[in-house]
$ cat start15.txt   # compact mmCIF, C-alpha atoms (C1' of nucleotides) and all ligand atoms
# COMPACT_ATOMS: atom_id res chain seq x y z
CA MET A 1 0.00 0.00 0.00
CA ASN A 2 1.44 3.34 -0.99
CA ASN A 3 1.42 6.63 0.84
CA LYS A 4 -1.51 8.01 -1.06
CA GLU A 5 -3.73 5.11 -0.02
CA ASN A 6 -2.59 5.56 3.55
CA PHE A 7 -3.41 9.24 3.49
CA ILE A 8 -6.85 8.47 2.11
CA LYS A 9 -7.49 5.92 4.84
CA LYS A 10 -6.26 8.22 7.54
CA LEU A 11 -8.35 11.12 6.32
CA ARG A 12 -11.48 9.03 5.99
CA SER A 13 -11.04 7.45 9.39
CA SER A 14 -10.74 10.97 10.82
CA GLY A 15 -13.99 12.11 9.29
CA LEU A 16 -12.17 14.20 6.70
CA ARG A 17 -13.08 13.56 3.09
CA PRO A 18 -10.02 12.68 1.07
CA THR A 19 -10.12 15.47 -1.48
CA LYS A 20 -7.30 15.92 -3.94
CA GLN A 21 -6.27 19.12 -2.14
CA ARG A 22 -5.96 17.37 1.20
CA ILE A 23 -4.00 14.52 -0.32
CA GLU A 24 -1.58 16.95 -1.96
CA ILE A 25 -1.13 18.70 1.37
CA CYS A 26 -0.52 15.36 3.11
CA LYS A 27 2.19 14.57 0.59
CA ALA A 28 3.85 17.94 1.09
CA LEU A 29 3.76 17.56 4.86
CA TYR A 30 4.36 13.91 5.55
CA GLU A 31 6.42 12.48 2.69
CA ARG A 32 9.57 13.61 4.45
CA LYS A 33 12.33 11.95 6.38
CA LYS A 34 12.60 14.69 9.01
CA THR A 35 10.21 16.75 11.06
CA PHE A 36 8.85 19.70 9.11
CA HIS A 37 8.49 23.07 10.81
CA PHE A 38 6.61 25.54 8.65
CA THR A 39 4.35 28.53 8.27
CA ILE A 40 1.28 28.68 6.07
CA ASP A 41 3.31 30.76 3.66
CA ASP A 42 6.08 28.14 3.49
CA LEU A 43 3.53 25.46 2.74
CA ASN A 44 1.79 27.59 0.15
CA LYS A 45 5.07 28.14 -1.71
CA ILE A 46 5.93 24.46 -1.64
CA LEU A 47 2.51 23.50 -2.95
CA ARG A 48 2.77 26.01 -5.78
CA LYS A 49 5.98 24.39 -6.96
CA LYS A 50 4.96 20.79 -6.42
CA SER A 51 1.38 20.65 -7.59
CA LYS A 52 0.17 21.41 -11.05
CA GLU A 53 -3.27 22.43 -9.81
CA LYS A 54 -3.43 25.47 -7.61
CA ILE A 55 -4.71 25.03 -4.07
CA SER A 56 -6.30 28.17 -2.70
CA LEU A 57 -4.81 29.85 0.32
CA ALA A 58 -8.15 29.47 2.11
CA THR A 59 -7.97 25.70 1.65
CA ILE A 60 -4.43 25.61 2.98
CA TYR A 61 -5.56 27.44 6.11
CA ASN A 62 -8.63 25.22 6.44
CA THR A 63 -6.64 22.05 6.03
CA VAL A 64 -3.80 22.97 8.34
CA TYR A 65 -6.25 23.83 11.12
CA ALA A 66 -8.28 20.70 10.43
CA PHE A 67 -5.08 18.66 10.77
CA LYS A 68 -4.16 20.53 13.91
CA ASN A 69 -7.55 19.71 15.43
CA LYS A 70 -7.07 16.05 14.57
CA ASN A 71 -3.64 16.21 16.20
CA TYR A 72 -1.76 15.57 12.97
CA LEU A 73 -0.04 18.93 13.33
CA LYS A 74 1.00 20.99 16.27
CA GLU A 75 1.27 24.74 16.64
CA ILE A 76 4.58 26.06 17.97
CA SER A 77 5.13 29.01 20.29
CA LEU A 78 7.42 31.57 18.73
CA ASN A 79 7.63 35.35 18.75
CA THR A 80 7.04 35.94 15.11
CA ASN A 81 4.24 37.51 13.18
CA LYS A 82 3.46 34.19 11.52
CA THR A 83 2.14 31.03 13.12
CA TYR A 84 4.42 27.99 12.98
CA PHE A 85 3.38 24.36 12.72
CA ASP A 86 5.22 21.13 13.35
CA THR A 87 4.66 17.70 11.85
CA ASN A 88 6.12 16.21 15.02
CA VAL A 89 3.11 16.20 17.32
CA SER A 90 4.82 14.52 20.24
CA ASN A 91 5.81 16.52 23.28
CA HIS A 92 9.33 17.55 22.38
CA HIS A 93 11.84 20.36 22.64
CA HIS A 94 13.49 22.71 20.16
CA PHE A 95 16.59 24.59 19.30
CA LEU A 96 15.77 27.89 17.65
CA ASP A 97 18.63 29.16 15.53
CA GLU A 98 18.32 32.92 15.83
CA ASN A 99 20.46 33.54 12.76
CA SER A 100 18.38 31.52 10.35
CA ASN A 101 15.19 31.51 12.43
CA ARG A 102 15.02 27.78 11.91
CA LEU A 103 13.75 25.20 14.40
CA ILE A 104 15.54 21.95 15.16
CA ASP A 105 13.91 19.10 17.07
CA LEU A 106 15.58 17.85 20.19
CA LYS A 107 15.10 14.20 21.01
CA ASN A 108 14.01 13.51 24.56
CA SER A 109 17.35 11.80 25.04
CA ASP A 110 19.06 15.10 24.13
CA VAL A 111 17.63 16.72 27.25
CA GLY A 112 18.09 15.67 30.84
CA LYS A 113 14.97 15.01 32.84
CA VAL A 114 13.06 18.21 33.55
CA LYS A 115 11.86 18.46 37.10
CA ILE A 116 9.14 20.97 37.97
CA LYS A 117 9.13 21.27 41.74
CA ARG A 118 6.33 23.79 42.13
CA LYS A 119 2.68 22.82 41.99
CA ILE A 120 -0.35 25.02 41.38
CA PRO A 121 -3.30 23.79 43.47
CA GLY A 122 -6.03 22.27 41.32
CA LYS A 123 -3.95 22.40 38.16
CA LYS A 124 -2.37 19.55 36.24
CA ILE A 125 0.64 19.72 33.96
CA LYS A 126 -0.39 19.22 30.33
CA SER A 127 2.98 19.59 28.64
CA ILE A 128 6.51 20.75 29.23
CA GLU A 129 8.34 22.35 26.36
CA ILE A 130 11.80 23.81 26.21
CA LEU A 131 12.99 26.35 23.69
CA VAL A 132 16.77 26.66 23.44
CA ARG A 133 17.84 29.75 21.52
CA ILE A 134 21.15 29.38 19.76
CA SER A 135 23.24 31.59 17.51
CA ASP A 136 26.75 31.93 16.08
CA MET B 1 14.15 59.42 46.29
CA ASN B 2 10.78 58.35 44.96
CA ASN B 3 9.94 56.09 42.05
CA LYS B 4 9.28 58.90 39.67
CA GLU B 5 12.75 60.34 40.15
CA ASN B 6 14.20 56.90 39.66
CA PHE B 7 12.29 56.41 36.44
CA ILE B 8 13.52 59.77 35.18
CA LYS B 9 17.11 58.90 36.01
CA LYS B 10 16.84 55.50 34.42
CA LEU B 11 15.28 56.88 31.26
CA ARG B 12 17.82 59.65 30.92
CA SER B 13 20.73 57.33 31.52
CA SER B 14 19.35 55.10 28.75
CA GLY B 15 19.21 57.93 26.25
CA LEU B 16 15.43 58.12 26.47
CA ARG B 17 13.97 61.50 27.28
CA PRO B 18 11.78 61.33 30.35
CA THR B 19 8.51 62.46 28.85
CA LYS B 20 5.33 62.39 30.88
CA GLN B 21 4.04 59.53 28.72
CA ARG B 22 7.10 57.38 29.38
CA ILE B 23 6.94 58.10 33.10
CA GLU B 24 3.27 57.11 33.23
CA ILE B 25 4.11 53.89 31.40
CA CYS B 26 6.97 53.19 33.81
CA LYS B 27 4.58 53.57 36.72
CA ALA B 28 2.04 51.23 35.16
CA LEU B 29 4.70 48.63 34.45
CA TYR B 30 7.10 48.78 37.36
CA GLU B 31 5.18 49.99 40.40
CA ARG B 32 4.13 46.43 41.13
CA LYS B 33 5.07 43.77 43.58
CA LYS B 34 4.95 40.91 41.08
CA THR B 35 6.09 40.31 37.55
CA PHE B 36 3.69 41.75 35.01
CA HIS B 37 2.85 39.79 31.87
CA PHE B 38 0.85 41.85 29.41
CA THR B 39 -0.18 42.69 25.89
CA ILE B 40 -0.21 46.17 24.39
CA ASP B 41 -3.97 46.10 24.72
CA ASP B 42 -3.77 45.23 28.43
CA LEU B 43 -1.40 48.11 29.00
CA ASN B 44 -3.51 50.50 26.98
CA LYS B 45 -6.58 49.68 29.08
CA ILE B 46 -4.68 50.13 32.33
CA LEU B 47 -3.31 53.48 31.21
CA ARG B 48 -6.75 54.69 30.20
CA LYS B 49 -8.01 54.03 33.70
CA LYS B 50 -4.98 55.26 35.59
CA SER B 51 -3.97 58.37 33.73
CA LYS B 52 -6.03 61.45 33.26
CA GLU B 53 -4.28 62.38 30.03
CA LYS B 54 -4.64 60.00 27.15
CA ILE B 55 -1.53 58.33 25.81
CA SER B 56 -1.84 57.44 22.15
CA LEU B 57 -1.65 53.82 21.11
CA ALA B 58 1.29 54.68 18.85
CA THR B 59 3.21 55.96 21.85
CA ILE B 60 2.45 52.82 23.82
CA TYR B 61 3.84 50.73 20.99
CA ASN B 62 6.85 53.01 20.61
CA THR B 63 7.60 52.95 24.31
CA VAL B 64 7.15 49.24 24.83
CA TYR B 65 9.51 48.48 21.97
CA ALA B 66 11.97 51.13 23.17
CA PHE B 67 11.94 49.46 26.59
CA LYS B 68 12.34 46.06 25.03
CA ASN B 69 15.40 47.28 23.13
CA LYS B 70 16.87 48.64 26.34
CA ASN B 71 16.20 45.28 27.97
CA TYR B 72 13.66 46.67 30.43
CA LEU B 73 11.01 44.39 28.93
CA LYS B 74 11.11 40.99 27.33
CA GLU B 75 8.92 39.51 24.66
CA ILE B 76 7.40 36.11 25.45
CA SER B 77 6.78 33.23 23.06
CA LEU B 78 3.14 32.25 23.01
CA ASN B 79 0.72 31.03 20.36
CA THR B 80 -1.65 33.93 20.44
CA ASN B 81 -2.51 36.65 17.99
CA LYS B 82 -1.16 39.27 20.36
CA THR B 83 2.40 39.81 21.46
CA TYR B 84 3.12 39.34 25.15
CA PHE B 85 5.68 41.20 27.23
CA ASP B 86 7.20 40.50 30.62
CA THR B 87 8.62 42.91 33.17
CA ASN B 88 10.86 40.10 34.39
CA VAL B 89 13.74 40.28 31.93
CA SER B 90 15.81 37.55 33.52
CA ASN B 91 16.04 34.16 31.90
CA HIS B 92 13.18 32.34 33.57
CA HIS B 93 10.45 29.80 33.03
CA HIS B 94 6.66 29.93 32.99
CA PHE B 95 3.51 28.11 33.76
CA LEU B 96 0.81 28.89 31.24
CA ASP B 97 -2.66 28.30 32.65
CA GLU B 98 -4.65 27.21 29.62
CA ASN B 99 -7.96 27.96 31.29
CA SER B 100 -7.26 31.60 32.04
CA ASN B 101 -4.45 32.05 29.52
CA ARG B 102 -2.39 33.58 32.29
CA LEU B 103 1.36 33.29 32.75
CA ILE B 104 3.01 32.54 36.08
CA ASP B 105 6.73 32.95 36.66
CA LEU B 106 8.70 29.99 37.86
CA LYS B 107 11.70 30.73 40.02
CA ASN B 108 14.87 29.00 38.96
CA SER B 109 14.68 27.05 42.21
CA ASP B 110 11.27 25.73 41.08
CA VAL B 111 12.91 23.87 38.21
CA GLY B 112 15.61 21.24 38.38
CA LYS B 113 18.75 21.89 36.39
CA VAL B 114 18.10 21.66 32.66
CA LYS B 115 20.76 19.73 30.82
CA ILE B 116 21.02 20.07 27.04
CA LYS B 117 23.22 17.21 25.88
CA ARG B 118 23.23 17.93 22.17
CA LYS B 119 25.43 20.57 20.58
CA ILE B 120 25.12 22.26 17.20
CA PRO B 121 28.57 22.91 15.72
CA GLY B 122 29.43 26.60 15.65
CA LYS B 123 26.37 27.60 17.66
CA LYS B 124 26.19 28.84 21.24
CA ILE B 125 23.24 28.61 23.58
CA LYS B 126 21.72 32.04 24.21
CA SER B 127 18.85 31.09 26.50
CA ILE B 128 16.86 28.13 27.73
CA GLU B 129 13.20 28.67 28.44
CA ILE B 130 10.60 26.21 29.61
CA LEU B 131 6.88 26.61 29.11
CA VAL B 132 4.76 24.37 31.33
CA ARG B 133 1.15 24.25 30.22
CA ILE B 134 -1.29 23.60 33.03
CA SER B 135 -5.06 23.33 33.29
CA ASP B 136 -7.82 22.09 35.60
C1' DT C 1 -26.81 5.32 -11.12
C1' DA C 2 -29.39 9.47 -9.75
C1' DA C 3 -30.89 12.50 -6.32
C1' DG C 4 -30.17 14.41 -2.06
C1' DT C 5 -27.26 16.18 1.37
C1' DA C 6 -23.46 17.51 3.86
C1' DC C 7 -18.93 18.70 3.33
C1' DT C 8 -15.28 21.24 0.80
C1' DT C 9 -13.07 24.59 -2.03
C1' DT C 10 -12.63 29.02 -3.62
C1' DA C 11 -12.42 34.05 -4.54
C1' DT C 12 -13.05 37.75 -2.14
C1' DA C 13 -14.03 40.73 1.73
C1' DA C 14 -13.48 41.76 6.54
C1' DT C 15 -10.77 41.92 10.68
C1' DG C 16 -7.42 43.42 13.75
C1' DA C 17 -2.73 43.69 15.56
C1' DT C 18 1.07 46.02 14.21
C1' DT C 19 3.85 49.30 11.59
C1' DC C 20 4.38 53.49 8.97
C1' DT C 21 3.94 58.50 7.96
C1' DA C 22 4.41 63.06 8.50
C1' DA C 23 3.07 66.99 11.03
C1' DA C 24 2.79 69.20 15.59
C1' DG C 25 4.81 69.25 20.19
C1' DT C 26 8.63 68.84 23.66
C1' DA C 27 13.21 68.22 25.83
C1' DC C 28 17.65 69.34 25.76
C1' DT C 29 21.99 72.11 24.38
C1' DG C 30 24.56 76.13 23.85
C1' DC D 1 16.15 82.19 23.84
C1' DA D 2 17.02 79.75 19.45
C1' DG D 3 18.18 75.71 17.33
C1' DT D 4 17.95 70.91 16.91
C1' DA D 5 16.96 66.33 17.69
C1' DC D 6 13.76 63.55 19.74
C1' DT D 7 8.88 62.41 20.75
C1' DT D 8 3.99 62.12 20.36
C1' DT D 9 0.09 61.70 17.72
C1' DA D 10 -3.86 60.72 14.43
C1' DG D 11 -4.59 58.43 10.86
C1' DA D 12 -3.30 55.45 6.97
C1' DA D 13 -1.10 51.28 5.38
C1' DT D 14 0.19 46.54 5.91
C1' DC D 15 -0.48 41.83 6.16
C1' DA D 16 -1.53 37.43 8.48
C1' DT D 17 -5.60 35.50 9.54
C1' DT D 18 -10.61 34.72 9.62
C1' DA D 19 -15.22 35.11 7.68
C1' DT D 20 -18.57 34.82 3.83
C1' DA D 21 -21.20 32.79 0.55
C1' DA D 22 -21.50 30.69 -3.85
C1' DA D 23 -19.94 26.84 -6.75
C1' DG D 24 -18.05 22.19 -6.65
C1' DT D 25 -17.42 17.43 -4.76
C1' DA D 26 -17.84 13.20 -1.92
C1' DC D 27 -20.73 10.22 0.10
C1' DT D 28 -25.34 8.03 1.20
C1' DT D 29 -29.39 5.86 -0.01
C1' DA D 30 -32.90 4.43 -2.91
MN MN E 1 3.50 33.32 16.72
MN MN E 2 2.64 35.66 19.64
ZN ZN E 3 9.48 20.07 16.34
ZN ZN E 4 7.72 35.96 33.34

$ encode --input "start15.txt" --output "structure tokens" --more "lines below"
Ligand SMILES: [Mn+2]
Ligand SMILES: [Mn+2]
Ligand SMILES: [Zn+2]
Ligand SMILES: [Zn+2]
Amino acid sequence: MNNKENFIKKLRSSGLRPTKQRIEICKALYERKKTFHFTIDDLNKILRKKSKEKISLATIYNTVYAFKNKNYLKEISLNTNKTYFDTNVSNHHHFLDENSNRLIDLKNSDVGKVKIKRKIPGKKIKSIEILVRISD
Amino acid sequence: MNNKENFIKKLRSSGLRPTKQRIEICKALYERKKTFHFTIDDLNKILRKKSKEKISLATIYNTVYAFKNKNYLKEISLNTNKTYFDTNVSNHHHFLDENSNRLIDLKNSDVGKVKIKRKIPGKKIKSIEILVRISD
DNA sequence: TAAGTACTTTATAATGATTCTAAAGTACTG
DNA sequence: CAGTACTTTAGAATCATTATAAAGTACTTA
């Protein structure tokens, strides 16, 4: 079974109709060896090059947020004017190269155990994320 | 010597003329017991209540970014449409309460030592910041 | 397979935080 | 005080994102 069939299955089983636009976007996002960190604009440019048929910007927004809601994409916290997304939806940490403004995934084994000693009454920890800023 | 005189000194010694607008903004930001995490809109609302004379939104933007450049304020990484600032400019960590969307400072003693085992050739670590998402 | 329906895509407009502009006002220097 | 550089301001411009609504498509059921 090839990727395309897998994407179709995955979409259908998520209640998302496997349209040709969504399948193209799946290919752009998930047919990669490494984690992909991107903005809507990055994705739009990639799709323009790759696909013969144009996918509207509105559809790219719709699809990215649909995928985010299904937990196939994750939003990343950064101080930029654009929103970043990550194909690695696991709880993980990042280097942020301040020269290139590029994100690099850290494996959990790259980071010693993080111990949070303080508790807030009535609140549970949902995630712990580290951002390590680096530069030349 | 009162706060106002201190603000004036600090501004002047930073090459920023101590205008009445900047002094009002200093009071709103720094006459507090605890760290203040805010958006431009938060600050604007506070100033409207506090001050008799209106400070234009443009001036609030100008001043906040001037203070950020002087390292009297820090920008915080969050996935929101608005930019957040922090009167605590030290390298420190946060809880983010996802119910209220409020930030809480963690003291360094609240967090065990963070060890980053991986190195990127030619790059130095500039800061390490942890965001701990919490909710009910 | 055709009709019916809900979902999807799309062009386009609206929104809203932020940035820009340029003119009027103010702080400092000599 | 006069001169200058800095500052404030209203309003316009920008631009990422979100909303709108009409046309197109996928799926269901007969
Ligand atoms: Mn952002
Ligand atoms: Mn932000
Ligand atoms: Zn990542
Ligand atoms: Zn803080």

$ residues_near_ligand --input "start15.txt" --ligand "ligand ZN 3 (chain E)" --cutoff "6 Å" --atoms "all atoms listed in the file" --output "PyMOL selection string"
chain A and resi 86+88+105

$ interface_residues --input "start15.txt" --of "chain D" --to "chain A" --cutoff "9 Å" --atoms "only C-alpha atoms (C1' of nucleotides)" --output "ChimeraX atom specification"
/D:16-17,25-27

$ residues_near_ligand --input "start15.txt" --ligand "ligand MN 1 (chain E)" --cutoff "10 Å" --atoms "all atoms listed in the file" --output "list in words"
Thr39, Glu75, Ile76, Ser77, Leu78, Asn79, Thr80, Asn81, Lys82, Thr83, Tyr84 and Phe85 of chain A; Ile76, Ser77, Leu78, Asn79, Thr80, Asn81, Lys82 and Thr83 of chain B

$ closest_residue --input "start15.txt" --among "B:Arg102, B:Lys33, B:Lys45, B:Lys123" --to "B:Ser135" --atoms "only C-alpha atoms"
B:Arg102

$ closest_atom_pairs --input "start15.txt" --of "chain A" --to "chain B" --cutoff "7 Å" --atoms "only C-alpha atoms" --output "JSON lines"
{"residue": "A:Ile76", "atom": "CA", "partner": "B:Asn79", "partner_atom": "CA", "distance": 6.7}
{"residue": "A:Ser77", "atom": "CA", "partner": "B:Leu78", "partner_atom": "CA", "distance": 4.7}
{"residue": "A:Leu78", "atom": "CA", "partner": "B:Ser77", "partner_atom": "CA", "distance": 4.7}
{"residue": "A:Asn79", "atom": "CA", "partner": "B:Ser77", "partner_atom": "CA", "distance": 4.9}
{"residue": "A:Asp110", "atom": "CA", "partner": "B:Lys117", "partner_atom": "CA", "distance": 5.0}
{"residue": "A:Val111", "atom": "CA", "partner": "B:Ile116", "partner_atom": "CA", "distance": 4.8}
{"residue": "A:Gly112", "atom": "CA", "partner": "B:Lys115", "partner_atom": "CA", "distance": 4.9}
{"residue": "A:Val114", "atom": "CA", "partner": "B:Val114", "partner_atom": "CA", "distance": 6.2}
{"residue": "A:Lys115", "atom": "CA", "partner": "B:Gly112", "partner_atom": "CA", "distance": 4.8}
{"residue": "A:Ile116", "atom": "CA", "partner": "B:Val111", "partner_atom": "CA", "distance": 4.8}
{"residue": "A:Lys117", "atom": "CA", "partner": "B:Asp110", "partner_atom": "CA", "distance": 5.0}
{"residue": "A:Arg118", "atom": "CA", "partner": "B:Asp110", "partner_atom": "CA", "distance": 5.4}
{"residue": "A:Gly122", "atom": "CA", "partner": "B:Asp136", "partner_atom": "CA", "distance": 6.0}
{"residue": "A:Lys123", "atom": "CA", "partner": "B:Asp136", "partner_atom": "CA", "distance": 4.7}
{"residue": "A:Lys124", "atom": "CA", "partner": "B:Ile134", "partner_atom": "CA", "distance": 5.3}
{"residue": "A:Ile125", "atom": "CA", "partner": "B:Ile134", "partner_atom": "CA", "distance": 4.4}
{"residue": "A:Lys126", "atom": "CA", "partner": "B:Ile134", "partner_atom": "CA", "distance": 5.2}
{"residue": "A:Ser127", "atom": "CA", "partner": "B:Arg133", "partner_atom": "CA", "distance": 5.2}
{"residue": "A:Ile128", "atom": "CA", "partner": "B:Val132", "partner_atom": "CA", "distance": 4.5}
{"residue": "A:Glu129", "atom": "CA", "partner": "B:Leu131", "partner_atom": "CA", "distance": 5.3}
{"residue": "A:Ile130", "atom": "CA", "partner": "B:Ile130", "partner_atom": "CA", "distance": 4.3}
{"residue": "A:Leu131", "atom": "CA", "partner": "B:Glu129", "partner_atom": "CA", "distance": 5.3}
{"residue": "A:Val132", "atom": "CA", "partner": "B:Ile128", "partner_atom": "CA", "distance": 4.5}
{"residue": "A:Arg133", "atom": "CA", "partner": "B:Lys126", "partner_atom": "CA", "distance": 5.2}
{"residue": "A:Ile134", "atom": "CA", "partner": "B:Ile125", "partner_atom": "CA", "distance": 4.4}
{"residue": "A:Ser135", "atom": "CA", "partner": "B:Lys123", "partner_atom": "CA", "distance": 5.1}
{"residue": "A:Asp136", "atom": "CA", "partner": "B:Lys123", "partner_atom": "CA", "distance": 4.6}

$ interface_residues --input "start15.txt" --of "chain C" --to "chain B" --cutoff "9 Å" --atoms "all atoms listed in the file" --output "number ranges by chain"
C: 17-18, 26-28

$ write_last_selection --input "start15.txt" --atoms "C-alpha atoms (C1' of nucleotides)" --output "PDB file, in the coordinates of the input"
ATOM      1  C1'  DA C  17      -2.730  43.690  15.560  1.00  0.00           C
ATOM      2  C1'  DT C  18       1.070  46.020  14.210  1.00  0.00           C
ATOM      3  C1'  DT C  26       8.630  68.840  23.660  1.00  0.00           C
ATOM      4  C1'  DA C  27      13.210  68.220  25.830  1.00  0.00           C
ATOM      5  C1'  DC C  28      17.650  69.340  25.760  1.00  0.00           C
TER       6       DC C  28
END

$ atom_distance --input "start15.txt" --atom1 "atom CA of A:Lys49" --atom2 "atom CA of A:Ser14"
27.9 Å

$ closest_residue --input "start15.txt" --among "B:Leu43, B:Leu57, B:Leu16, B:Leu103" --to "B:Tyr30" --atoms "all atoms listed in the file"
B:Leu43

$ axis_aligned_box --input "start15.txt" --around "stretch 130-133 of chain A" --padding-each-side "4 Å" --output "AutoDock Vina command-line options"
--center_x 14.8 --center_y 26.8 --center_z 23.9 --size_x 14.0 --size_y 13.9 --size_z 12.7

$ atom_distance --input "start15.txt" --atom1 "atom CA of B:Gln21" --atom2 "atom CA of B:Thr59"
7.8 Å

$ closest_residue --input "start15.txt" --among "B:Val64, B:Leu11, B:Cys26, B:Phe38" --to "ligand MN 2 (chain E)" --atoms "only C-alpha atoms and all ligand atoms"
B:Phe38

$ atom_distance --input "start15.txt" --atom1 "atom CA of A:Lys4" --atom2 "atom CA of A:Ile25"
11.0 Å

$ residues_around --input "start15.txt" --residues "C:DG25" --least-positions-apart "6" --cutoff "12 Å" --atoms "only C-alpha atoms (C1' of nucleotides)" --output "ChimeraX atom specification"
/B:19 /D:6-9

$ closest_residue --input "start15.txt" --among "D:DT28, D:DA10, D:DA5, D:DT20" --to "C:DA24" --atoms "all atoms listed in the file"
D:DA10

$ decode --input "start15.txt" --residues "stretch 118-135 of chain B" --atoms "C-alpha atoms" --output "short mmCIF file (atom, residue, chain, number, x, y, z; two decimals), in the first residue's frame"
data_model
loop_
_atom_site.label_atom_id
_atom_site.label_comp_id
_atom_site.auth_asym_id
_atom_site.auth_seq_id
_atom_site.Cartn_x
_atom_site.Cartn_y
_atom_site.Cartn_z
CA ARG B 118 23.23 17.93 22.17
CA LYS B 119 25.43 20.57 20.58
CA ILE B 120 25.12 22.26 17.20
CA PRO B 121 28.57 22.91 15.72
CA GLY B 122 29.43 26.60 15.65
CA LYS B 123 26.37 27.60 17.66
CA LYS B 124 26.19 28.84 21.24
CA ILE B 125 23.24 28.61 23.58
CA LYS B 126 21.72 32.04 24.21
CA SER B 127 18.85 31.09 26.50
CA ILE B 128 16.86 28.13 27.73
CA GLU B 129 13.20 28.67 28.44
CA ILE B 130 10.60 26.21 29.61
CA LEU B 131 6.88 26.61 29.11
CA VAL B 132 4.76 24.37 31.33
CA ARG B 133 1.15 24.25 30.22
CA ILE B 134 -1.29 23.60 33.03
CA SER B 135 -5.06 23.33 33.29
#
